[in-house]
Structure formats: structure tokens, C-alpha cells
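J.: target-v3.cif (mmCIF, C-alpha atoms) pasted underneath:
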data_data
#
loop_
_atom_site.label_atom_id
_atom_site.label_comp_id
_atom_site.auth_asym_id
_atom_site.auth_seq_id
_atom_site.Cartn_x
_atom_site.Cartn_y
_atom_site.Cartn_z
CA MET A 1 -60.94 -6.79 15.34
CA LYS A 2 -63.37 -5.35 17.88
CA ILE A 3 -62.74 -2.03 19.63
CA LYS A 4 -63.32 -2.43 23.37
CA THR A 5 -61.43 0.59 24.75
CA ILE A 6 -60.87 4.13 23.54
CA ILE A 7 -58.39 6.63 24.94
CA LEU A 8 -59.44 10.26 24.56
CA ASP A 9 -57.35 13.40 24.89
CA TRP A 10 -58.77 16.42 26.71
CA ALA A 11 -58.10 19.99 25.46
CA GLY A 12 -58.88 20.24 21.75
CA THR A 13 -60.52 16.80 21.63
CA THR A 14 -63.22 16.63 24.32
CA VAL A 15 -63.07 20.11 25.92
CA ASP A 16 -61.73 23.59 25.01
CA PHE A 17 -62.59 24.02 21.31
CA GLY A 18 -59.34 24.91 19.52
CA SER A 19 -57.26 24.26 22.65
CA PHE A 20 -56.89 27.95 23.45
CA ALA A 21 -56.29 27.83 27.22
CA PRO A 22 -52.71 26.51 26.95
CA VAL A 23 -51.89 28.56 23.84
CA GLU A 24 -52.78 31.86 25.49
CA SER A 25 -50.96 30.87 28.68
CA PHE A 26 -47.74 29.87 26.90
CA MET A 27 -47.73 33.15 25.00
CA THR A 28 -48.23 35.08 28.23
CA ALA A 29 -45.38 33.22 29.93
CA PHE A 30 -42.92 33.80 27.09
CA ALA A 31 -43.91 37.45 26.76
CA ALA A 32 -42.89 37.97 30.39
CA TYR A 33 -39.31 37.32 29.22
CA GLY A 34 -39.48 39.47 26.10
CA ILE A 35 -40.19 36.58 23.71
CA ASN A 36 -43.23 36.59 21.42
CA PRO A 37 -43.82 33.18 19.86
CA THR A 38 -46.21 32.77 16.96
CA ALA A 39 -49.35 30.68 17.28
CA GLU A 40 -47.72 28.01 15.11
CA GLU A 41 -44.60 27.91 17.29
CA THR A 42 -46.81 27.67 20.38
CA ARG A 43 -49.04 24.93 19.01
CA ALA A 44 -46.31 22.75 17.46
CA PRO A 45 -45.49 20.85 20.71
CA MET A 46 -49.10 20.75 21.91
CA GLY A 47 -50.05 17.58 23.74
CA LEU A 48 -46.69 17.19 25.47
CA ALA A 49 -46.28 17.60 29.23
CA LYS A 50 -46.27 21.34 29.77
CA ARG A 51 -42.70 21.85 30.99
CA VAL A 52 -41.52 19.71 28.07
CA HIS A 53 -43.65 21.93 25.85
CA VAL A 54 -41.74 25.01 27.07
CA ALA A 55 -38.40 23.29 26.51
CA THR A 56 -39.43 22.20 23.01
CA MET A 57 -40.46 25.73 22.07
CA LEU A 58 -37.17 27.17 23.33
CA ALA A 59 -35.25 24.54 21.37
CA GLY A 60 -36.71 25.89 18.13
CA GLU A 61 -34.21 27.80 16.02
CA ARG A 62 -36.04 31.14 15.95
CA LEU A 63 -37.02 31.23 19.62
CA ALA A 64 -33.58 30.04 20.73
CA ALA A 65 -32.01 32.88 18.74
CA GLU A 66 -34.55 35.36 20.08
CA TRP A 67 -33.69 34.32 23.64
CA VAL A 68 -29.99 35.01 22.99
CA LYS A 69 -30.90 38.37 21.46
CA GLN A 70 -33.00 39.35 24.47
CA HIS A 71 -30.86 37.87 27.26
CA GLY A 72 -27.33 37.78 25.86
CA LYS A 73 -26.80 34.03 26.26
CA PRO A 74 -28.44 30.70 25.38
CA HIS A 75 -31.31 29.59 27.57
CA THR A 76 -30.71 27.16 30.43
CA GLU A 77 -32.78 24.62 32.35
CA ALA A 78 -33.34 27.34 34.93
CA ASP A 79 -34.81 29.56 32.21
CA ILE A 80 -37.19 26.77 31.17
CA ASP A 81 -38.27 26.45 34.80
CA ALA A 82 -38.75 30.21 35.05
CA ILE A 83 -41.02 30.34 32.00
CA TYR A 84 -42.95 27.31 33.22
CA LYS A 85 -43.49 29.04 36.56
CA LYS A 86 -45.08 31.93 34.66
CA PHE A 87 -47.13 29.53 32.56
CA GLU A 88 -48.77 27.70 35.44
CA PRO A 89 -50.52 30.67 37.10
CA ALA A 90 -51.54 32.02 33.69
CA LEU A 91 -53.18 28.70 32.87
CA PHE A 92 -54.77 28.23 36.28
CA SER A 93 -56.36 31.66 35.94
CA VAL A 94 -58.28 30.67 32.79
CA LEU A 95 -58.80 26.89 33.03
CA LYS A 96 -62.28 27.20 34.50
CA ASN A 97 -63.36 28.99 31.32
CA TYR A 98 -62.20 26.17 29.04
CA ALA A 99 -63.81 23.03 30.46
CA ASP A 100 -66.98 22.86 28.37
CA PRO A 101 -67.31 19.67 26.29
CA LEU A 102 -66.98 20.23 22.55
CA PRO A 103 -70.13 20.06 20.43
CA GLY A 104 -71.11 16.44 19.93
CA VAL A 105 -68.91 15.00 22.68
CA LEU A 106 -71.71 14.06 25.07
CA ASP A 107 -73.80 12.35 22.40
CA THR A 108 -70.71 10.60 21.04
CA VAL A 109 -69.68 9.30 24.46
CA ASN A 110 -73.21 8.05 25.16
CA LYS A 111 -73.29 6.14 21.87
CA ILE A 112 -69.86 4.62 22.54
CA ARG A 113 -70.81 3.59 26.08
CA ARG A 114 -73.94 1.88 24.76
CA LYS A 115 -71.59 -0.34 22.77
CA GLY A 116 -69.98 -1.43 26.05
CA ILE A 117 -66.73 0.35 25.20
CA LYS A 118 -64.57 1.66 28.06
CA ILE A 119 -63.28 5.24 27.92
CA GLY A 120 -59.85 6.16 29.23
CA SER A 121 -58.04 9.48 28.91
CA THR A 122 -54.58 11.02 28.83
CA THR A 123 -53.49 14.64 28.88
CA GLY A 124 -50.55 17.01 28.86
CA TYR A 125 -52.04 18.77 31.89
CA THR A 126 -50.83 18.04 35.40
CA ARG A 127 -53.16 16.44 37.96
CA GLU A 128 -53.52 19.81 39.70
CA MET A 129 -54.72 21.33 36.42
CA MET A 130 -57.07 18.42 35.78
CA ASN A 131 -58.48 18.81 39.29
CA ILE A 132 -60.01 22.01 37.87
CA VAL A 133 -60.94 20.79 34.39
CA ALA A 134 -62.28 17.28 35.12
CA PRO A 135 -64.90 18.22 37.77
CA LEU A 136 -66.21 21.06 35.60
CA ALA A 137 -66.41 18.79 32.57
CA LYS A 138 -68.25 16.24 34.71
CA GLN A 139 -70.74 18.89 35.82
CA ASN A 140 -71.32 19.57 32.13
CA GLY A 141 -71.91 15.87 31.39
CA TYR A 142 -68.50 14.46 30.39
CA ALA A 143 -66.44 12.09 32.55
CA PRO A 144 -64.20 9.30 31.22
CA ASP A 145 -63.76 6.08 33.16
CA PHE A 146 -60.11 6.80 33.95
CA LEU A 147 -57.54 9.59 33.66
CA VAL A 148 -53.75 9.58 33.75
CA CYS A 149 -51.52 12.67 33.95
CA PRO A 150 -47.79 12.90 33.08
CA GLU A 151 -46.48 13.03 36.66
CA GLU A 152 -48.24 9.74 37.38
CA VAL A 153 -45.88 7.97 34.96
CA ASN A 154 -42.68 9.54 36.34
CA GLY A 155 -43.06 12.58 34.10
CA LYS A 156 -42.90 10.48 30.94
CA GLY A 157 -46.01 11.77 29.22
CA ARG A 158 -46.42 11.96 25.46
CA PRO A 159 -44.90 10.85 23.18
CA TYR A 160 -44.13 8.02 25.61
CA PRO A 161 -46.87 5.36 25.75
CA TYR A 162 -46.99 4.99 29.52
CA MET A 163 -50.08 7.11 30.26
CA LEU A 164 -52.03 5.12 27.69
CA TRP A 165 -50.76 1.81 29.05
CA ARG A 166 -51.66 2.84 32.61
CA ASN A 167 -55.22 3.37 31.39
CA LEU A 168 -55.29 -0.08 29.84
CA GLU A 169 -54.11 -1.64 33.09
CA ALA A 170 -56.80 0.15 35.09
CA LEU A 171 -59.51 -0.67 32.55
CA ASN A 172 -58.51 -4.35 32.33
CA CYS A 173 -57.76 -4.22 28.62
CA GLU A 174 -56.26 -7.50 27.41
CA ASN A 175 -55.35 -6.70 23.80
CA ILE A 176 -53.76 -3.53 22.37
CA ASN A 177 -55.42 -4.36 19.05
CA GLU A 178 -58.77 -3.62 20.68
CA VAL A 179 -57.75 -0.05 21.57
CA LEU A 180 -58.32 3.21 19.71
CA LYS A 181 -56.49 6.42 20.64
CA ILE A 182 -58.21 9.71 19.72
CA GLY A 183 -56.56 13.13 19.90
CA ASP A 184 -55.93 16.50 18.30
CA THR A 185 -52.12 16.82 18.17
CA GLU A 186 -49.02 15.22 16.70
CA ALA A 187 -48.06 14.14 20.22
CA ASP A 188 -51.39 12.28 20.56
CA MET A 189 -50.67 10.32 17.40
CA GLN A 190 -47.13 9.53 18.58
CA GLU A 191 -48.43 8.36 21.95
CA GLY A 192 -50.83 5.96 20.27
CA LYS A 193 -48.28 4.65 17.79
CA ASN A 194 -45.69 4.11 20.53
CA ALA A 195 -48.30 2.23 22.56
CA GLY A 196 -49.05 0.01 19.58
CA CYS A 197 -52.69 0.94 18.90
CA LEU A 198 -54.68 2.55 16.11
CA CYS A 199 -54.87 6.36 16.19
CA VAL A 200 -57.55 8.82 15.16
CA GLY A 201 -57.08 12.54 14.56
CA VAL A 202 -60.09 14.83 14.97
CA ILE A 203 -60.12 18.02 12.89
CA ALA A 204 -62.91 20.32 14.18
CA GLY A 205 -61.98 21.82 17.54
CA SER A 206 -58.40 20.60 17.36
CA SER A 207 -55.16 22.37 18.14
CA MET A 208 -53.97 21.01 14.79
CA LEU A 209 -56.63 23.15 13.04
CA GLY A 210 -56.16 25.97 15.55
CA LEU A 211 -59.49 27.77 15.04
CA SER A 212 -62.13 28.83 17.51
CA GLU A 213 -65.73 27.73 17.00
CA ASN A 214 -66.63 31.16 15.60
CA GLU A 215 -63.57 31.31 13.34
CA LEU A 216 -64.44 27.90 11.91
CA ALA A 217 -68.06 28.93 11.33
CA ASP A 218 -66.92 32.08 9.51
CA LEU A 219 -64.82 30.22 6.93
CA GLU A 220 -66.02 30.17 3.35
CA PRO A 221 -66.60 26.63 2.01
CA GLN A 222 -63.37 26.69 -0.02
CA GLN A 223 -61.38 28.00 2.94
CA LYS A 224 -62.81 25.30 5.19
CA SER A 225 -62.05 22.58 2.64
CA GLU A 226 -58.44 23.76 2.33
CA ALA A 227 -57.97 24.07 6.11
CA PHE A 228 -59.39 20.60 6.71
CA ALA A 229 -57.24 19.10 3.95
CA LYS A 230 -54.10 20.66 5.43
CA THR A 231 -54.97 19.40 8.91
CA ARG A 232 -55.80 15.93 7.61
CA ALA A 233 -52.42 15.72 5.88
CA ALA A 234 -50.65 16.83 9.07
CA TYR A 235 -52.37 14.09 11.07
CA LEU A 236 -51.48 11.41 8.53
CA THR A 237 -47.86 12.59 8.51
CA SER A 238 -47.88 12.32 12.32
CA GLY A 239 -48.95 8.67 12.17
CA ALA A 240 -52.76 8.79 12.30
CA ASP A 241 -54.48 5.69 10.96
CA PHE A 242 -57.77 7.55 10.55
CA VAL A 243 -58.81 11.20 10.44
CA ILE A 244 -62.37 12.34 11.11
CA ASN A 245 -63.84 15.80 10.55
CA SER A 246 -65.66 15.86 13.88
CA ILE A 247 -65.90 13.83 17.08
CA ILE A 248 -69.48 12.96 16.10
CA GLU A 249 -68.06 10.67 13.38
CA LEU A 250 -66.28 8.49 15.96
CA PRO A 251 -69.09 5.96 16.67
CA LYS A 252 -69.49 5.27 12.94
CA LEU A 253 -65.72 4.81 12.59
CA ILE A 254 -65.66 2.38 15.52
CA THR A 255 -68.46 0.38 13.89
CA THR A 256 -66.50 0.33 10.62
CA ILE A 257 -63.34 -0.89 12.35
CA GLY A 258 -65.26 -3.35 14.47
CA GLY A 259 -67.08 -2.30 17.59
#
Would you mind writing the file out in C-alpha cells?
T.:
Amino acid sequence: MKIKTIILDWAGTTVDFGSFAPVESFMTAFAAYGINPTAEETRAPMGLAKRVHVATMLAGERLAAEWVKQHGKPHTEADIDAIYKKFEPALFSVLKNYADPLPGVLDTVNKIRRKGIKIGSTTGYTREMMNIVAPLAKQNGYAPDFLVCPEEVNGKGRPYPYMLWRNLEALNCENINEVLKIGDTEADMQEGKNAGCLCVGVIAGSSMLGLSENELADLEPQQKSEAFAKTRAAYLTSGADFVINSIIELPKLITTIGG
């Protein structure tokens, strides 16, 4: 097998260390309706299309009960829309601050491109959101060969495989066995598995780990080892074929697989 195409996620994988822009924005949106989700509840659906993310959070037992407690009745589709409408402006207000490539991304991409490998990308962000993130990332040195957003596949983003497949069509990929999907969430792994390709989870900088760059640096060696082990196990449970500690390990992994 020879890897000829990789599909990279955005927030938590190539930009926005720890994927904090959407987390903060979801919490702000829910708080506007008297609901205070935990970081774990907020991160659990990460990687999904953002309205689906809201719906998935509200479907959780604790948050569903909290909504009834606060509003006197179960949430509706209109309530999901209302929270999402609060989420969007909250996210748009901070996106420009979360478009820097993660440490090692630029060097990693350069090494991969020197192998002749094409780089596609998928995201849970809408095209309007990516119209902010992608140009800023490009200014900072990172630009994949192609990008697909959920609304460009009739709203069927992750865990559906269609965004990934649309990349493969655009990049003229002939064989799914020559594709590697890389991401930082359970939804990323599901997207790759549903598309039929190998999947890689990245620990450092990921939403799965959920730590900022400074928080990660402040961990004691034993704490870091335990946090990485927990994250690795979560990726493998989600369907990852490989888990790497950092994006900088990706070129070596590709060489090991065949590329």
C-alpha cells in the first residue's frame, strides 16, 4: 500500500491548539438560555456539523433534563435553532484569533508534499466560517489542496463520509486504500471509517485531549503520560487505526505504512 492522499481536519488538528474557539462559543450560546454544559459535554460531539453538535448536546440526558428544569418543557427543533443562532456570532467574533497553525504543522505539510502526496481537508465549520479561518491560515503558511464543508454535501457532514469522498473526487484519487484520514475527534475517526480509509488520531493539540498549549506544557511527566494514554484509548475505541502523539510524527507514520 502507498499513501497518495491525506485528509486533514482543521480545528484541533492543523489550527487552534486544543480546539477552543468552538468550545467557548458553544458554552456562551447555551449560557444564554440558562444552561451551563461542562467542557466534556461540549467536546463530546466535536467534529460534527455545528447545528448537529448543538442537537447532540441537547440530546444528552443531563442537558435535556436541565433544559426542562429551566424552560418547563422538552427542547424543540426551534430551540436548537435558537441556540445555534447564538453560537454563530459568538464563534465569528473569535475565529480570527484561532487560525494559527499548530506547532509542527507547516514542517509536516512540507515533508508530506515532498513525497508527492495530495492534501485534502474536511471540517465541521460552515463555508462562511472557513472563509475567515482558511485565508488566515494561508497567510500563516498552511493551505490544503482542497476543502469541503458540511453544507456542500447537503448538510451531511461527519460522521457521513461524503465530505471526504468529495475531496477524493476533486483530487483525482483512484483508490480508497491509498488514503489516510487525520483528525482530533471521535467524529473524525467515524468519518474515515465510514469512507473506508485508514484513520489517524493526533493527541497533542486535540479536542480529545482538551488542553491548551500552556496547560499541556505545565503537566508533570506522569500527568502527561496518563492524559496521553487516556486520549489514545479514546481514539482507538472510536475506530482509529493509528494514534500519534503529535502531528510531527505523521510523515514517519506515512513512510511506515507506505508513502
J.: Please measure the separation of CA of Leu106 in chain A and CA of Ala234 in chain A, giving the value in Å to one decimal.
T.: 26.6 Å
J.: Any chance you could work out the residue set of the PyMOL selection byres ((chain A and resi 30) around 12) here, as number ranges by chain?
T.: A: 23-29, 31-38, 41-42, 53-55, 57-58, 63-64, 66-67, 70, 79-88, 90
J.: Around (-52.9, 17.4, 6.6), as given in the file, which residues come within 12 Å? Count only C-alpha atoms and list them as a PyMOL selection string.
T.: chain A and resi 185-186+201-203+208-209+225-240+242-245
J.: Just the number, please: distance in Å from CA of Leu8 in chain A to CA of Ile119 in chain A, one decimal.
T.: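 Interatomic distance, CA of Leu8 in chain A to CA of Ile119 in chain A: 7.2 Å.
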J.: Find, counting all atoms listed in the file, the residue in A:Asn97, A:Gln139, A:Ser206, A:Asn214 that gets nearest to Ser246 in chain A.
T.: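 Under the stated criterion, the closest residue is A:Ser206.
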J.: Once the PyMOL selection byres ((chain A and resi 249) around 12) has been applied to the shown file, what residues remain in the selection, as a PyMOL selection string?
T.: chain A and resi 103-105+107-109+111-112+182+200-204+242-248+250-256
J.: When the PyMOL selection byres ((chain A and resi 132) around 12) is applied to the file above, which residues end up in the set, as a PyMOL selection string?
T.: chain A and resi 91-100+125-131+133-139
J.: At what distance in Å, to one decimal, does CA of Arg166 in chain A lie from CA of Asn194 in chain A?
T.: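 Computed distance, CA of Asn194 in chain A to CA of Arg166 in chain A, equals 13.5 Å.
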J.: List as a list of chain:residue names the protein and nucleic acid residues near Met1 in chain A, meaning an atom at most 10 Å away when all atoms listed in the file are counted, but skip any in the same chain fewer than 6 places from it.
T.: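 In the requested format, the answer is A:Asn177, A:Glu178, A:Val179, A:Ile257, A:Gly258, A:Gly259.
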J.: Calculated over all atoms listed in the file, which of the candidates A:Ile3, A:Cys149, A:Ala44, A:Met189 has the smallest distance to Ser207 in chain A?
T.: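 Looking at the shortest contact to Ser207 in chain A, the residue is A:Ala44.
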J.: Return as lines of an AutoDock Vina configuration file the centre and edge lengths, in Å with one decimal, of the box along x, y and z that encloses every atom of range 242-246 of chain A in the file, padded by 5 Å per side.
T.:
center_x = -61.7
center_y = 11.7
center_z = 12.2
size_x = 17.9
size_y = 18.3
size_z = 13.4
J.: Which residue, A:Asn167, A:Gln222, A:Asn172, A:Thr122, has the smallest gap to Ala49 in chain A when you use all atoms listed in the file?
T.: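 Closest residue, counting all atoms listed in the file: A:Thr122.
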J.: Quick one: range 173-193 of chain A with N, CA, C and O atoms, as a PDB file, in the frame of the given file?
T.:
ATOM      1  N   CYS A 173     -57.824  -3.952  30.059  1.00  0.00           N
ATOM      2  CA  CYS A 173     -57.760  -4.220  28.620  1.00  0.00           C
ATOM      3  C   CYS A 173     -56.733  -5.323  28.364  1.00  0.00           C
ATOM      4  O   CYS A 173     -55.589  -5.227  28.802  1.00  0.00           O
ATOM      5  N   GLU A 174     -57.133  -6.349  27.630  1.00  0.00           N
ATOM      6  CA  GLU A 174     -56.260  -7.500  27.410  1.00  0.00           C
ATOM      7  C   GLU A 174     -55.444  -7.406  26.122  1.00  0.00           C
ATOM      8  O   GLU A 174     -54.389  -8.017  26.011  1.00  0.00           O
ATOM      9  N   ASN A 175     -55.939  -6.645  25.141  1.00  0.00           N
ATOM     10  CA  ASN A 175     -55.350  -6.700  23.800  1.00  0.00           C
ATOM     11  C   ASN A 175     -55.214  -5.296  23.232  1.00  0.00           C
ATOM     12  O   ASN A 175     -56.217  -4.600  23.057  1.00  0.00           O
ATOM     13  N   ILE A 176     -54.001  -4.870  22.920  1.00  0.00           N
ATOM     14  CA  ILE A 176     -53.760  -3.530  22.370  1.00  0.00           C
ATOM     15  C   ILE A 176     -54.450  -3.346  21.030  1.00  0.00           C
ATOM     16  O   ILE A 176     -54.749  -2.219  20.620  1.00  0.00           O
ATOM     17  N   ASN A 177     -54.740  -4.450  20.341  1.00  0.00           N
ATOM     18  CA  ASN A 177     -55.420  -4.360  19.050  1.00  0.00           C
ATOM     19  C   ASN A 177     -56.904  -4.013  19.191  1.00  0.00           C
ATOM     20  O   ASN A 177     -57.578  -3.771  18.184  1.00  0.00           O
ATOM     21  N   GLU A 178     -57.386  -3.982  20.423  1.00  0.00           N
ATOM     22  CA  GLU A 178     -58.770  -3.620  20.680  1.00  0.00           C
ATOM     23  C   GLU A 178     -58.911  -2.188  21.195  1.00  0.00           C
ATOM     24  O   GLU A 178     -59.941  -1.785  21.706  1.00  0.00           O
ATOM     25  N   VAL A 179     -57.820  -1.405  21.013  1.00  0.00           N
ATOM     26  CA  VAL A 179     -57.750  -0.050  21.570  1.00  0.00           C
ATOM     27  C   VAL A 179     -57.663   0.981  20.449  1.00  0.00           C
ATOM     28  O   VAL A 179     -56.970   0.785  19.448  1.00  0.00           O
ATOM     29  N   LEU A 180     -58.356   2.095  20.646  1.00  0.00           N
ATOM     30  CA  LEU A 180     -58.320   3.210  19.710  1.00  0.00           C
ATOM     31  C   LEU A 180     -57.951   4.471  20.478  1.00  0.00           C
ATOM     32  O   LEU A 180     -58.573   4.797  21.490  1.00  0.00           O
ATOM     33  N   LYS A 181     -56.922   5.162  20.015  1.00  0.00           N
ATOM     34  CA  LYS A 181     -56.490   6.420  20.640  1.00  0.00           C
ATOM     35  C   LYS A 181     -56.997   7.587  19.789  1.00  0.00           C
ATOM     36  O   LYS A 181     -56.803   7.615  18.575  1.00  0.00           O
ATOM     37  N   ILE A 182     -57.646   8.566  20.434  1.00  0.00           N
ATOM     38  CA  ILE A 182     -58.210   9.710  19.720  1.00  0.00           C
ATOM     39  C   ILE A 182     -57.644  10.995  20.298  1.00  0.00           C
ATOM     40  O   ILE A 182     -57.640  11.201  21.514  1.00  0.00           O
ATOM     41  N   GLY A 183     -57.130  11.877  19.418  1.00  0.00           N
ATOM     42  CA  GLY A 183     -56.560  13.130  19.900  1.00  0.00           C
ATOM     43  C   GLY A 183     -56.523  14.204  18.835  1.00  0.00           C
ATOM     44  O   GLY A 183     -56.994  14.015  17.709  1.00  0.00           O
ATOM     45  N   ASP A 184     -55.909  15.341  19.199  1.00  0.00           N
ATOM     46  CA  ASP A 184     -55.930  16.500  18.300  1.00  0.00           C
ATOM     47  C   ASP A 184     -54.549  17.075  18.021  1.00  0.00           C
ATOM     48  O   ASP A 184     -54.437  18.184  17.494  1.00  0.00           O
ATOM     49  N   THR A 185     -53.476  16.317  18.371  1.00  0.00           N
ATOM     50  CA  THR A 185     -52.120  16.820  18.170  1.00  0.00           C
ATOM     51  C   THR A 185     -51.204  15.732  17.616  1.00  0.00           C
ATOM     52  O   THR A 185     -51.532  14.543  17.664  1.00  0.00           O
ATOM     53  N   GLU A 186     -50.050  16.159  17.130  1.00  0.00           N
ATOM     54  CA  GLU A 186     -49.020  15.220  16.700  1.00  0.00           C
ATOM     55  C   GLU A 186     -48.605  14.323  17.854  1.00  0.00           C
ATOM     56  O   GLU A 186     -48.415  13.112  17.687  1.00  0.00           O
ATOM     57  N   ALA A 187     -48.478  14.909  19.053  1.00  0.00           N
ATOM     58  CA  ALA A 187     -48.060  14.140  20.220  1.00  0.00           C
ATOM     59  C   ALA A 187     -49.072  13.038  20.557  1.00  0.00           C
ATOM     60  O   ALA A 187     -48.685  11.949  21.000  1.00  0.00           O
ATOM     61  N   ASP A 188     -50.363  13.307  20.335  1.00  0.00           N
ATOM     62  CA  ASP A 188     -51.390  12.280  20.560  1.00  0.00           C
ATOM     63  C   ASP A 188     -51.166  11.089  19.633  1.00  0.00           C
ATOM     64  O   ASP A 188     -51.267   9.928  20.050  1.00  0.00           O
ATOM     65  N   MET A 189     -50.890  11.390  18.363  1.00  0.00           N
ATOM     66  CA  MET A 189     -50.670  10.320  17.400  1.00  0.00           C
ATOM     67  C   MET A 189     -49.414   9.520  17.760  1.00  0.00           C
ATOM     68  O   MET A 189     -49.400   8.288  17.677  1.00  0.00           O
ATOM     69  N   GLN A 190     -48.376  10.204  18.188  1.00  0.00           N
ATOM     70  CA  GLN A 190     -47.130   9.530  18.580  1.00  0.00           C
ATOM     71  C   GLN A 190     -47.339   8.660  19.796  1.00  0.00           C
ATOM     72  O   GLN A 190     -46.813   7.543  19.879  1.00  0.00           O
ATOM     73  N   GLU A 191     -48.125   9.147  20.753  1.00  0.00           N
ATOM     74  CA  GLU A 191     -48.430   8.360  21.950  1.00  0.00           C
ATOM     75  C   GLU A 191     -49.111   7.052  21.558  1.00  0.00           C
ATOM     76  O   GLU A 191     -48.745   5.970  22.029  1.00  0.00           O
ATOM     77  N   GLY A 192     -50.107   7.146  20.691  1.00  0.00           N
ATOM     78  CA  GLY A 192     -50.830   5.960  20.270  1.00  0.00           C
ATOM     79  C   GLY A 192     -49.959   4.984  19.498  1.00  0.00           C
ATOM     80  O   GLY A 192     -50.000   3.770  19.729  1.00  0.00           O
ATOM     81  N   LYS A 193     -49.152   5.517  18.589  1.00  0.00           N
ATOM     82  CA  LYS A 193     -48.280   4.650  17.790  1.00  0.00           C
ATOM     83  C   LYS A 193     -47.246   3.958  18.680  1.00  0.00           C
ATOM     84  O   LYS A 193     -46.956   2.769  18.516  1.00  0.00           O
TER      85      LYS A 193
END
